[in-house]
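Dropping entry-v5.cif in here (mmCIF, C-alpha atoms):
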data_run
loop_
_atom_site.label_atom_id
_atom_site.label_comp_id
_atom_site.auth_asym_id
_atom_site.auth_seq_id
_atom_site.Cartn_x
_atom_site.Cartn_y
_atom_site.Cartn_z
CA MET A 1 -64.50 124.58 -126.81
CA GLN A 2 -67.34 124.53 -129.35
CA THR A 3 -66.26 121.06 -130.49
CA LYS A 4 -66.38 119.76 -126.91
CA ALA A 5 -69.80 121.30 -126.34
CA VAL A 6 -71.16 119.72 -129.50
CA ALA A 7 -69.73 116.34 -128.53
CA ALA A 8 -71.23 116.60 -125.04
CA SER A 9 -74.62 117.55 -126.41
CA ALA A 10 -74.46 114.60 -128.81
CA ARG A 11 -73.63 112.17 -126.01
CA SER A 12 -76.27 113.41 -123.56
CA PRO A 13 -79.32 111.93 -125.37
CA ALA A 14 -77.53 108.60 -125.72
CA VAL A 15 -76.58 108.59 -122.03
CA GLY A 16 -80.16 109.45 -121.05
CA LYS A 17 -81.57 106.64 -123.17
CA HIS A 18 -79.03 104.19 -121.70
CA ARG A 19 -79.98 105.12 -118.14
CA ARG A 20 -83.71 104.85 -118.89
CA ALA A 21 -83.10 101.41 -120.43
CA GLN A 22 -81.52 100.25 -117.17
CA GLN A 23 -84.40 101.54 -115.03
CA ASP A 24 -87.90 100.23 -114.60
CA PRO A 25 -90.77 102.44 -115.73
CA SER A 26 -91.88 105.01 -113.23
CA TRP A 27 -95.29 103.41 -112.80
CA VAL A 28 -93.62 100.12 -111.81
CA ARG A 29 -91.40 101.79 -109.22
CA TRP A 30 -94.19 103.87 -107.73
CA GLY A 31 -96.60 100.94 -107.83
CA LEU A 32 -94.26 98.60 -105.99
CA THR A 33 -93.46 101.28 -103.43
CA ALA A 34 -97.14 101.88 -102.81
CA VAL A 35 -97.82 98.15 -102.38
CA VAL A 36 -94.96 97.78 -99.89
CA LEU A 37 -96.07 100.82 -97.90
CA ALA A 38 -99.65 99.57 -97.86
CA VAL A 39 -98.64 96.12 -96.61
CA VAL A 40 -96.34 97.59 -93.93
CA GLY A 41 -99.04 100.03 -92.87
CA VAL A 42 -101.78 97.39 -92.60
CA LEU A 43 -99.71 94.64 -90.99
CA ILE A 44 -97.33 96.66 -88.78
CA VAL A 45 -98.07 100.36 -88.33
CA ILE A 46 -101.84 100.18 -87.78
CA PRO A 47 -101.65 97.26 -85.27
CA ILE A 48 -98.90 99.00 -83.29
CA VAL A 49 -100.84 102.26 -83.16
CA ASN A 50 -103.98 100.34 -82.19
CA VAL A 51 -102.17 98.62 -79.30
CA PHE A 52 -101.21 101.94 -77.73
CA ALA A 53 -104.60 103.49 -78.52
CA GLU A 54 -106.48 100.64 -76.81
CA ALA A 55 -104.08 100.62 -73.87
CA LEU A 56 -104.64 104.34 -73.23
CA SER A 57 -108.33 104.39 -74.22
CA GLN A 58 -109.55 104.65 -70.63
CA GLY A 59 -106.91 107.09 -69.41
CA ILE A 60 -103.46 107.08 -67.88
CA GLY A 61 -104.83 106.09 -64.46
CA VAL A 62 -106.36 102.84 -65.70
CA TYR A 63 -103.22 102.16 -67.73
CA TRP A 64 -101.01 102.58 -64.66
CA ARG A 65 -103.24 100.45 -62.45
CA SER A 66 -103.40 97.71 -65.07
CA LEU A 67 -99.61 97.48 -65.14
CA PHE A 68 -98.44 98.11 -61.61
CA VAL A 69 -101.40 97.81 -59.23
CA ASP A 70 -102.72 94.44 -60.38
CA PRO A 71 -100.59 91.94 -58.36
CA ASP A 72 -100.69 89.18 -60.99
CA THR A 73 -99.60 91.54 -63.77
CA ARG A 74 -96.89 93.02 -61.58
CA HIS A 75 -95.63 89.52 -60.78
CA SER A 76 -95.58 88.60 -64.47
CA ILE A 77 -93.40 91.64 -65.21
CA LEU A 78 -90.99 90.78 -62.39
CA LEU A 79 -90.89 87.13 -63.44
CA THR A 80 -90.08 88.11 -67.03
CA LEU A 81 -87.31 90.42 -65.79
CA THR A 82 -85.95 87.46 -63.79
CA VAL A 83 -86.12 84.73 -66.43
CA VAL A 84 -84.83 86.75 -69.39
CA PRO A 85 -81.51 87.93 -67.82
CA ILE A 86 -80.67 84.41 -66.60
CA ALA A 87 -81.36 82.90 -70.02
CA LEU A 88 -79.48 85.78 -71.68
CA VAL A 89 -76.34 85.26 -69.58
CA ALA A 90 -76.41 81.52 -70.31
CA ASN A 91 -76.79 82.19 -74.05
CA VAL A 92 -73.95 84.73 -74.07
CA LEU A 93 -71.57 82.26 -72.39
CA PHE A 94 -72.62 79.46 -74.71
CA GLY A 95 -72.52 81.68 -77.80
CA ILE A 96 -69.00 82.95 -77.13
CA THR A 97 -67.74 79.43 -76.40
CA ALA A 98 -69.41 77.88 -79.45
CA ALA A 99 -68.32 80.69 -81.79
CA TRP A 100 -64.73 80.44 -80.52
CA ALA A 101 -64.64 76.67 -81.02
CA ILE A 102 -66.21 76.73 -84.49
CA SER A 103 -64.27 79.68 -85.90
CA ARG A 104 -60.85 78.90 -84.40
CA PHE A 105 -60.58 75.09 -84.47
CA ASN A 106 -61.16 72.19 -86.83
CA PHE A 107 -62.36 69.10 -84.96
CA PRO A 108 -64.52 66.04 -85.63
CA GLY A 109 -68.19 66.94 -85.26
CA ARG A 110 -67.73 70.62 -86.11
CA THR A 111 -70.42 70.47 -88.80
CA LEU A 112 -72.74 68.58 -86.45
CA LEU A 113 -72.27 71.22 -83.76
CA THR A 114 -73.09 73.97 -86.24
CA ALA A 115 -76.25 72.12 -87.26
CA LEU A 116 -77.29 71.56 -83.64
CA ILE A 117 -76.94 75.27 -82.92
CA ASP A 118 -79.59 75.92 -85.58
CA LEU A 119 -81.93 73.24 -84.20
CA PRO A 120 -84.15 75.61 -82.18
CA PHE A 121 -84.86 77.54 -85.39
CA SER A 122 -86.47 74.45 -86.94
CA VAL A 123 -88.17 72.97 -83.86
CA SER A 124 -91.53 74.36 -82.82
CA PRO A 125 -91.41 76.12 -79.42
CA VAL A 126 -94.35 74.00 -78.27
CA VAL A 127 -92.36 70.85 -79.09
CA ALA A 128 -89.38 72.28 -77.19
CA GLY A 129 -91.53 72.84 -74.12
CA LEU A 130 -92.94 69.33 -74.42
CA ILE A 131 -89.39 67.93 -74.48
CA PHE A 132 -88.67 69.45 -71.06
CA VAL A 133 -91.99 68.18 -69.71
CA LEU A 134 -91.11 64.64 -70.84
CA ILE A 135 -87.69 64.92 -69.17
CA PHE A 136 -88.41 66.78 -65.93
CA GLY A 137 -92.16 66.33 -65.55
CA LEU A 138 -93.85 64.14 -62.97
CA GLN A 139 -94.09 61.25 -65.45
CA GLY A 140 -90.77 62.08 -67.13
CA TYR A 141 -87.41 60.37 -67.01
CA PHE A 142 -86.20 62.28 -63.95
CA GLY A 143 -89.62 63.02 -62.52
CA ALA A 144 -89.59 60.34 -59.81
CA PHE A 145 -86.12 61.30 -58.58
CA LEU A 146 -86.85 65.03 -58.56
CA ARG A 147 -90.07 64.41 -56.66
CA SER A 148 -88.54 62.19 -53.96
CA ASP A 149 -85.21 63.93 -53.27
CA GLY A 150 -84.44 66.34 -56.07
CA TYR A 151 -82.27 68.65 -53.99
CA ALA A 152 -79.77 65.83 -53.40
CA LEU A 153 -78.41 66.64 -56.85
CA MET A 154 -77.60 70.26 -56.03
CA PRO A 155 -74.36 69.73 -53.99
CA TYR A 156 -72.88 67.71 -56.85
CA LEU A 157 -74.00 70.24 -59.43
CA VAL A 158 -72.63 73.27 -57.54
CA SER A 159 -69.34 71.48 -56.83
CA PHE A 160 -68.98 70.50 -60.49
CA ILE A 161 -69.59 74.09 -61.60
CA GLY A 162 -66.94 75.28 -59.16
CA VAL A 163 -64.39 72.78 -60.52
CA PHE A 164 -65.22 73.79 -64.10
CA LEU A 165 -64.67 77.48 -63.31
CA TRP A 166 -61.41 76.59 -61.54
CA VAL A 167 -60.02 74.73 -64.57
CA VAL A 168 -61.15 77.38 -67.06
CA GLY A 169 -59.73 80.18 -64.91
CA PHE A 170 -56.40 78.38 -64.52
CA PHE A 171 -55.87 78.05 -68.26
CA LEU A 172 -57.17 81.56 -68.97
CA PHE A 173 -54.75 83.26 -66.58
CA ARG A 174 -51.83 80.91 -67.24
CA PRO A 175 -48.93 82.81 -68.90
CA SER A 176 -48.51 81.92 -72.54
CA SER A 177 -44.73 82.33 -72.46
CA PRO A 178 -42.86 79.27 -71.09
CA GLN A 179 -40.30 81.59 -69.44
CA ALA A 180 -43.04 83.28 -67.39
CA ARG A 181 -44.48 80.02 -66.07
CA ARG A 182 -43.19 79.49 -62.56
CA GLY A 183 -44.32 77.41 -59.65
CA PRO A 184 -47.78 75.88 -60.15
CA TRP A 185 -48.01 77.26 -63.70
CA LYS A 186 -45.46 74.63 -64.80
CA HIS A 187 -47.74 71.74 -63.79
CA PRO A 188 -51.13 72.37 -65.42
CA LEU A 189 -52.40 68.80 -65.21
CA LEU A 190 -51.50 68.39 -61.55
CA VAL A 191 -52.87 71.78 -60.51
CA SER A 192 -56.08 71.55 -62.53
CA LEU A 193 -56.96 67.99 -61.52
CA GLY A 194 -55.59 68.10 -57.97
CA GLY A 195 -56.95 71.55 -57.21
CA GLY A 196 -60.26 70.60 -58.82
CA ALA A 197 -60.56 67.51 -56.63
CA VAL A 198 -59.78 69.50 -53.49
CA LEU A 199 -62.24 72.23 -54.48
CA PHE A 200 -64.95 69.67 -55.25
CA ALA A 201 -64.51 67.95 -51.88
CA LEU A 202 -64.38 71.24 -49.97
CA THR A 203 -67.46 72.69 -51.71
CA PHE A 204 -69.41 69.47 -51.23
CA PHE A 205 -68.44 69.27 -47.54
CA VAL A 206 -69.48 72.88 -46.86
CA GLN A 207 -72.87 72.40 -48.50
CA LYS A 208 -73.55 69.21 -46.57
CA SER A 209 -72.26 70.55 -43.25
CA PHE A 210 -74.31 73.74 -43.31
CA ARG A 211 -77.34 72.02 -44.91
CA ILE A 212 -77.68 74.64 -47.57
CA TRP A 213 -80.10 72.52 -49.59
CA PRO A 214 -83.28 70.93 -48.17
CA GLU A 215 -83.23 67.17 -47.62
CA HIS A 216 -85.85 64.71 -48.84
CA GLN A 217 -87.80 67.38 -50.65
CA SER A 218 -88.90 67.59 -54.25
CA LEU A 219 -87.13 69.89 -56.68
CA LYS A 220 -89.70 71.52 -58.93
CA ILE A 221 -88.55 72.36 -62.46
CA ILE A 222 -91.72 72.08 -64.53
CA PHE A 223 -94.41 74.60 -63.52
CA ALA A 224 -91.70 76.65 -61.80
CA THR A 225 -89.06 79.26 -62.62
CA PRO A 226 -86.28 76.76 -63.57
CA GLY A 227 -88.50 75.33 -66.30
CA LEU A 228 -89.18 78.81 -67.66
CA VAL A 229 -85.44 79.53 -67.79
CA LEU A 230 -84.69 76.23 -69.55
CA ALA A 231 -87.41 76.74 -72.15
CA THR A 232 -86.41 80.37 -72.81
CA ALA A 233 -82.71 79.51 -73.06
CA PHE A 234 -83.41 76.66 -75.48
CA VAL A 235 -85.39 78.69 -78.00
CA THR A 236 -82.96 81.65 -77.92
CA PHE A 237 -79.47 80.20 -77.64
CA PRO A 238 -78.62 80.25 -81.41
CA PHE A 239 -78.79 84.05 -81.67
CA VAL A 240 -75.50 85.00 -80.00
CA ALA A 241 -73.49 82.17 -81.57
CA ARG A 242 -74.92 82.81 -85.04
CA GLU A 243 -73.95 86.49 -84.87
CA LEU A 244 -70.44 85.88 -83.53
CA ILE A 245 -69.34 83.08 -85.89
CA PRO A 246 -69.24 85.17 -89.12
CA VAL A 247 -67.66 88.14 -87.31
CA MET A 248 -64.89 85.99 -85.81
CA ASP A 249 -64.33 84.31 -89.19
CA ALA A 250 -63.96 87.73 -90.84
CA VAL A 251 -61.57 89.07 -88.20
CA GLY A 252 -59.36 85.98 -88.22
CA PRO A 253 -56.93 84.73 -85.55
CA GLU A 254 -53.89 86.81 -86.54
CA GLU A 255 -54.23 89.49 -83.85
CA GLU A 256 -54.87 86.88 -81.15
CA LEU A 257 -51.76 84.96 -82.20
CA ALA A 258 -49.77 88.20 -82.13
CA ALA A 259 -50.99 88.92 -78.60
CA VAL A 260 -50.02 85.44 -77.42
CA SER A 261 -46.59 85.76 -79.04
CA LEU A 262 -46.07 89.00 -77.11
CA GLY A 263 -46.73 87.26 -73.79
CA ALA A 264 -50.44 87.84 -73.18
CA SER A 265 -52.31 85.22 -71.20
CA GLY A 266 -55.54 83.66 -72.43
CA TRP A 267 -57.69 86.09 -70.44
CA GLN A 268 -55.67 89.13 -71.53
CA MET A 269 -55.88 88.04 -75.16
CA PHE A 270 -59.62 87.51 -74.90
CA TRP A 271 -60.39 90.76 -73.10
CA HIS A 272 -58.01 93.11 -74.93
CA VAL A 273 -58.08 91.60 -78.45
CA THR A 274 -61.05 89.31 -79.04
CA VAL A 275 -63.76 91.31 -77.28
CA PRO A 276 -62.94 94.66 -78.99
CA ASN A 277 -63.03 92.90 -82.38
CA VAL A 278 -66.41 91.22 -81.86
CA LYS A 279 -68.13 93.70 -79.53
CA TRP A 280 -70.65 94.93 -82.09
CA GLY A 281 -71.55 91.42 -83.23
CA LEU A 282 -71.89 90.37 -79.60
CA ALA A 283 -74.11 93.36 -78.83
CA TYR A 284 -76.22 92.61 -81.90
CA GLY A 285 -76.70 88.99 -80.80
CA ILE A 286 -77.60 90.07 -77.27
CA ILE A 287 -80.23 92.48 -78.59
CA LEU A 288 -81.85 89.81 -80.78
CA CYS A 289 -81.70 87.21 -78.01
CA ASN A 290 -83.28 89.58 -75.50
CA ALA A 291 -86.10 90.50 -77.89
CA ARG A 292 -86.85 86.84 -78.61
CA ALA A 293 -86.76 85.89 -74.93
CA MET A 294 -89.07 88.73 -73.88
CA GLY A 295 -91.77 87.63 -76.33
CA GLU A 296 -91.49 83.84 -76.04
CA PHE A 297 -94.90 82.22 -75.65
CA GLY A 298 -95.13 78.63 -76.96
CA ALA A 299 -92.39 76.83 -75.00
CA VAL A 300 -93.04 78.87 -71.85
CA TYR A 301 -96.77 78.15 -72.07
CA VAL A 302 -96.13 74.39 -72.00
CA VAL A 303 -93.70 74.33 -69.06
CA SER A 304 -95.34 77.05 -66.95
CA GLY A 305 -98.73 75.53 -66.22
CA HIS A 306 -100.22 78.99 -66.75
CA ILE A 307 -100.55 79.64 -63.00
CA ALA A 308 -101.54 83.26 -62.39
CA GLY A 309 -99.27 85.06 -59.94
CA GLN A 310 -96.68 82.25 -60.03
CA THR A 311 -95.56 81.17 -63.50
CA ASP A 312 -97.20 83.68 -65.84
CA THR A 313 -94.74 85.75 -67.86
CA MET A 314 -95.80 88.88 -69.73
CA PRO A 315 -96.86 87.13 -72.97
CA LEU A 316 -98.84 84.56 -70.96
CA ARG A 317 -100.41 87.33 -68.90
CA ILE A 318 -101.54 89.11 -72.07
CA GLU A 319 -103.28 85.97 -73.27
CA LYS A 320 -104.97 85.36 -69.92
CA LEU A 321 -106.23 88.94 -69.59
CA PHE A 322 -107.58 88.76 -73.12
CA GLN A 323 -109.40 85.51 -72.34
CA GLU A 324 -110.90 87.19 -69.28
CA TYR A 325 -112.16 90.07 -71.48
CA ASN A 326 -109.94 92.54 -69.61
CA LEU A 327 -108.98 94.37 -72.78
CA PRO A 328 -107.44 97.49 -71.14
CA GLY A 329 -105.17 95.31 -69.00
CA SER A 330 -104.26 93.05 -71.90
CA PHE A 331 -103.39 95.94 -74.20
CA ALA A 332 -101.47 97.69 -71.39
CA VAL A 333 -99.10 94.73 -71.00
CA ALA A 334 -98.95 94.37 -74.79
CA SER A 335 -97.96 98.02 -75.13
CA LEU A 336 -95.07 97.45 -72.74
CA LEU A 337 -93.78 94.57 -74.85
CA THR A 338 -94.33 96.62 -78.01
CA LEU A 339 -92.31 99.48 -76.56
CA VAL A 340 -89.48 97.07 -75.79
CA ALA A 341 -89.67 95.79 -79.37
CA ILE A 342 -89.47 99.31 -80.82
CA VAL A 343 -86.45 100.19 -78.68
CA THR A 344 -84.83 96.91 -79.70
CA LEU A 345 -85.48 97.69 -83.37
CA ILE A 346 -83.85 101.12 -83.07
CA ILE A 347 -80.76 99.69 -81.35
CA LYS A 348 -80.62 96.87 -83.91
CA ALA A 349 -80.70 99.35 -86.80
CA ARG A 350 -77.84 101.34 -85.30
CA LEU A 351 -75.73 98.25 -84.70
CA GLU A 352 -76.26 97.00 -88.25
CA ARG A 353 -74.31 100.01 -89.51
CA LYS A 354 -71.31 99.05 -87.40
CA ILE A 355 -71.11 95.31 -88.04
CA PRO A 356 -70.19 95.45 -91.78
CA SER A 357 -67.29 97.75 -90.91
CA LEU A 358 -65.66 94.83 -89.11
CA THR A 359 -65.27 92.88 -92.33
CA ILE A 360 -63.98 95.93 -94.16
CA ALA A 361 -61.53 96.70 -91.38
CA ALA A 362 -60.28 93.12 -91.44
CA GLU A 363 -59.23 93.44 -95.10
CA PRO A 364 -56.17 95.62 -95.88
CA SER A 365 -56.37 98.15 -98.66
CA ALA A 366 -54.26 98.02 -101.81
CA PRO A 367 -51.57 100.50 -100.63
CA GLU A 368 -51.22 98.56 -97.39
CA ARG A 369 -50.72 95.31 -99.29
CA SER A 370 -47.91 96.82 -101.34
CA HIS A 371 -46.04 98.89 -98.74
CA GLU A 372 -46.93 97.51 -95.30
CA HIS A 373 -47.76 94.17 -93.76
CA PRO A 374 -51.52 94.00 -93.09
CA ASP A 375 -51.06 93.32 -89.38
CA GLN A 376 -48.07 95.61 -88.79
CA LYS A 377 -50.03 98.53 -87.35
CA ARG A 378 -52.11 96.30 -85.06
CA PHE A 379 -48.96 94.38 -84.12
CA GLN A 380 -47.32 97.62 -82.98
CA GLU A 381 -50.41 98.47 -80.92
CA LEU A 382 -50.30 95.06 -79.27
CA ARG A 383 -46.60 95.50 -78.62
CA SER A 384 -47.28 98.80 -76.86
CA CYS A 385 -49.72 96.94 -74.56
CA ARG A 386 -47.10 94.39 -73.58
CA SER A 387 -45.91 96.43 -70.57
CA SER A 388 -49.47 96.78 -69.30
CA TRP A 389 -50.05 93.00 -69.63
CA LYS A 390 -47.03 92.30 -67.44
CA ARG A 391 -48.60 94.24 -64.58
CA PHE A 392 -51.48 91.74 -64.29
#

Target format structure tokens, applied to this file:
Amino acid sequence: MQTKAVAASARSPAVGKHRRAQQDPSWVRWGLTAVVLAVVGVLIVIPIVNVFAEALSQGIGVYWRSLFVDPDTRHSILLTLTVVPIALVANVLFGITAAWAISRFNFPGRTLLTALIDLPFSVSPVVAGLIFVLIFGLQGYFGAFLRSDGYALMPYLVSFIGVFLWVVGFFLFRPSSPQARRGPWKHPLLVSLGGGAVLFALTFFVQKSFRIWPEHQSLKIIFATPGLVLATAFVTFPFVARELIPVMDAVGPEEELAAVSLGASGWQMFWHVTVPNVKWGLAYGIILCNARAMGEFGAVYVVSGHIAGQTDTMPLRIEKLFQEYNLPGSFAVASLLTLVAIVTLIIKARLERKIPSLTIAAEPSAPERSHEHPDQKRFQELRSCRSSWKRF
């Protein structure tokens, strides 16, 4: 015992010196920490506190009236809550489709598609807004047509969307097992093309017969809500796809192939296997996309025309109130956006703890590699779901 104690006491100074050699001096660590805290305090904490202090400087009553009594401010809030969900839904659909195609298939142009997804990150939002003005503006490529009879395009567009949903739904719900394909499921080309043609003709006829769309009237995209949606969707659509691609690559296609081999249809495989595997990455992308869409200014400023009470979103309303020297109103709207940003940051921090676990869960441990197939447990779970899939 005495020998061990002497040996331990002899090693302890050496271990202490080794640890101190691997660490920076205390003054370096404390100095860097102080610099970081000072920068964060000056650039982030103090401005955020100042926004809420200025917004509430004249009392809760003025704050409430600035947000909800002023009709132009109230309209900007409602317009933002209209534009952002539409752009968010479009980005979620595009992000899931793009991530599925890139992570599950090898095809010509795959690298080009990945680069195009990142394009809005490198293009200035003002340039993006100018692109839509040059396309849909009065002097743009489609400006003359949209001004003369723009609504004539809507029956074709709605009918095409209906046919697209018909084809996608047919292949999603089509049984994967050849033995389960009966009746129209055996003829995918005939049903998809023939049914699509019938649906297109029927949808087009109904729209024309009931005159759903105005005739010989201009369809306004620029300086209207459709332009705001297009600009917001353009600058935010990489977020969902960029979060889903690495998660789907880490998970791999093995569980989806197992589900298909057990008789699951495309929709059942997607809903019961793919979505649970990527739900945290999808939620993370939605949070980032929503935060970016809520605060978009440059592209929206170009396509909106800055018309108070019509095309002003919350960021544009903040700028206009500030230019009018209405500081309480400007800071009130800014505090609302800041509160949304803080909530988004909290949710983002919580989701970040869950996303790395997907990659860890996708990799089997050493005992599993030696005694059990990596996908055996999940395969048994999918097999237990087979009876429930047959009920659909």

Run through the PyMOL selection byres ((chain A and resi 118-135) around 10) on the given coordinates and return the selected residues as a ChimeraX atom specification.
-> /A:113-117,136-143,221-223,227-228,230-232,234-239,241-242,296-304

Where does the PyMOL selection byres ((chain A and resi 177) around 8) land in this file, that is, which residues does it pick, as a PyMOL selection string?
-> chain A and resi 175-176+178-181+260-261+263-264

Taking only residues of range 168-204 of chain A that have an atom at most 10 Å from an atom of range 151-161 of chain A, what is each one's shortest atom pair and its distance in Å to one decimal, using only C-alpha atoms, in chain and number order, as a Markdown table?
| residue | atom | partner | partner_atom | distance |
| --- | --- | --- | --- | --- |
| A:Gly196 | CA | A:Phe160 | CA | 8.9 |
| A:Ala197 | CA | A:Ser159 | CA | 9.6 |
| A:Leu199 | CA | A:Ser159 | CA | 7.5 |
| A:Phe200 | CA | A:Ser159 | CA | 5.0 |
| A:Ala201 | CA | A:Ser159 | CA | 7.8 |
| A:Leu202 | CA | A:Ser159 | CA | 8.5 |
| A:Thr203 | CA | A:Ser159 | CA | 5.6 |
| A:Phe204 | CA | A:Pro155 | CA | 5.7 |

Hits from the PyMOL selection byres ((chain A and resi 347) around 12), listed as a ChimeraX atom specification | /A:280,283-288,290-291,340-346,348-354

Give me, please, the distance in Å between CA of Thr338 in chain A and CA of Val35 in chain A, quoted to one decimal.
-> 24.7 Å

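Summary of the local environment: counting all atoms listed in the file, residues at most 7 Å from Val247 in chain A, other than itself and those fewer than 3 positions away along its chain, are Glu243, Leu244, Ala250, Val251, Val278 and Gly281 of chain A.
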
CA of Phe173 in chain A to CA of Trp185 in chain A measures 9.5 Å

Min atom-atom distance to Ile96 in chain A from the set A:Phe270, A:Phe331, A:Tyr325, A:Phe68, counting only C-alpha atoms, belongs to A:Phe270

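Shortest atom-to-atom contact with Thr80 in chain A among A:Ala53, A:Thr225, A:Ala332, A:His306: A:Thr225, counting all atoms listed in the file.
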
State, in Å with one decimal place, the distance from CA of Ser103 in chain A to CA of Asp249 in chain A.
-> 5.7 Å

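Candidate residues A:Glu256, A:Asn91, A:Phe210, A:Ala334 were compared for distance to Leu321 in chain A, and the nearest is A:Ala334, using only C-alpha atoms.
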
Go through A:Met248, A:Val36, A:Val69, A:Gly195 one by one, measure the shortest atom-to-atom distance of each to Ala101 in chain A using all atoms listed in the file, and give the residue with the smallest value.
-> A:Met248
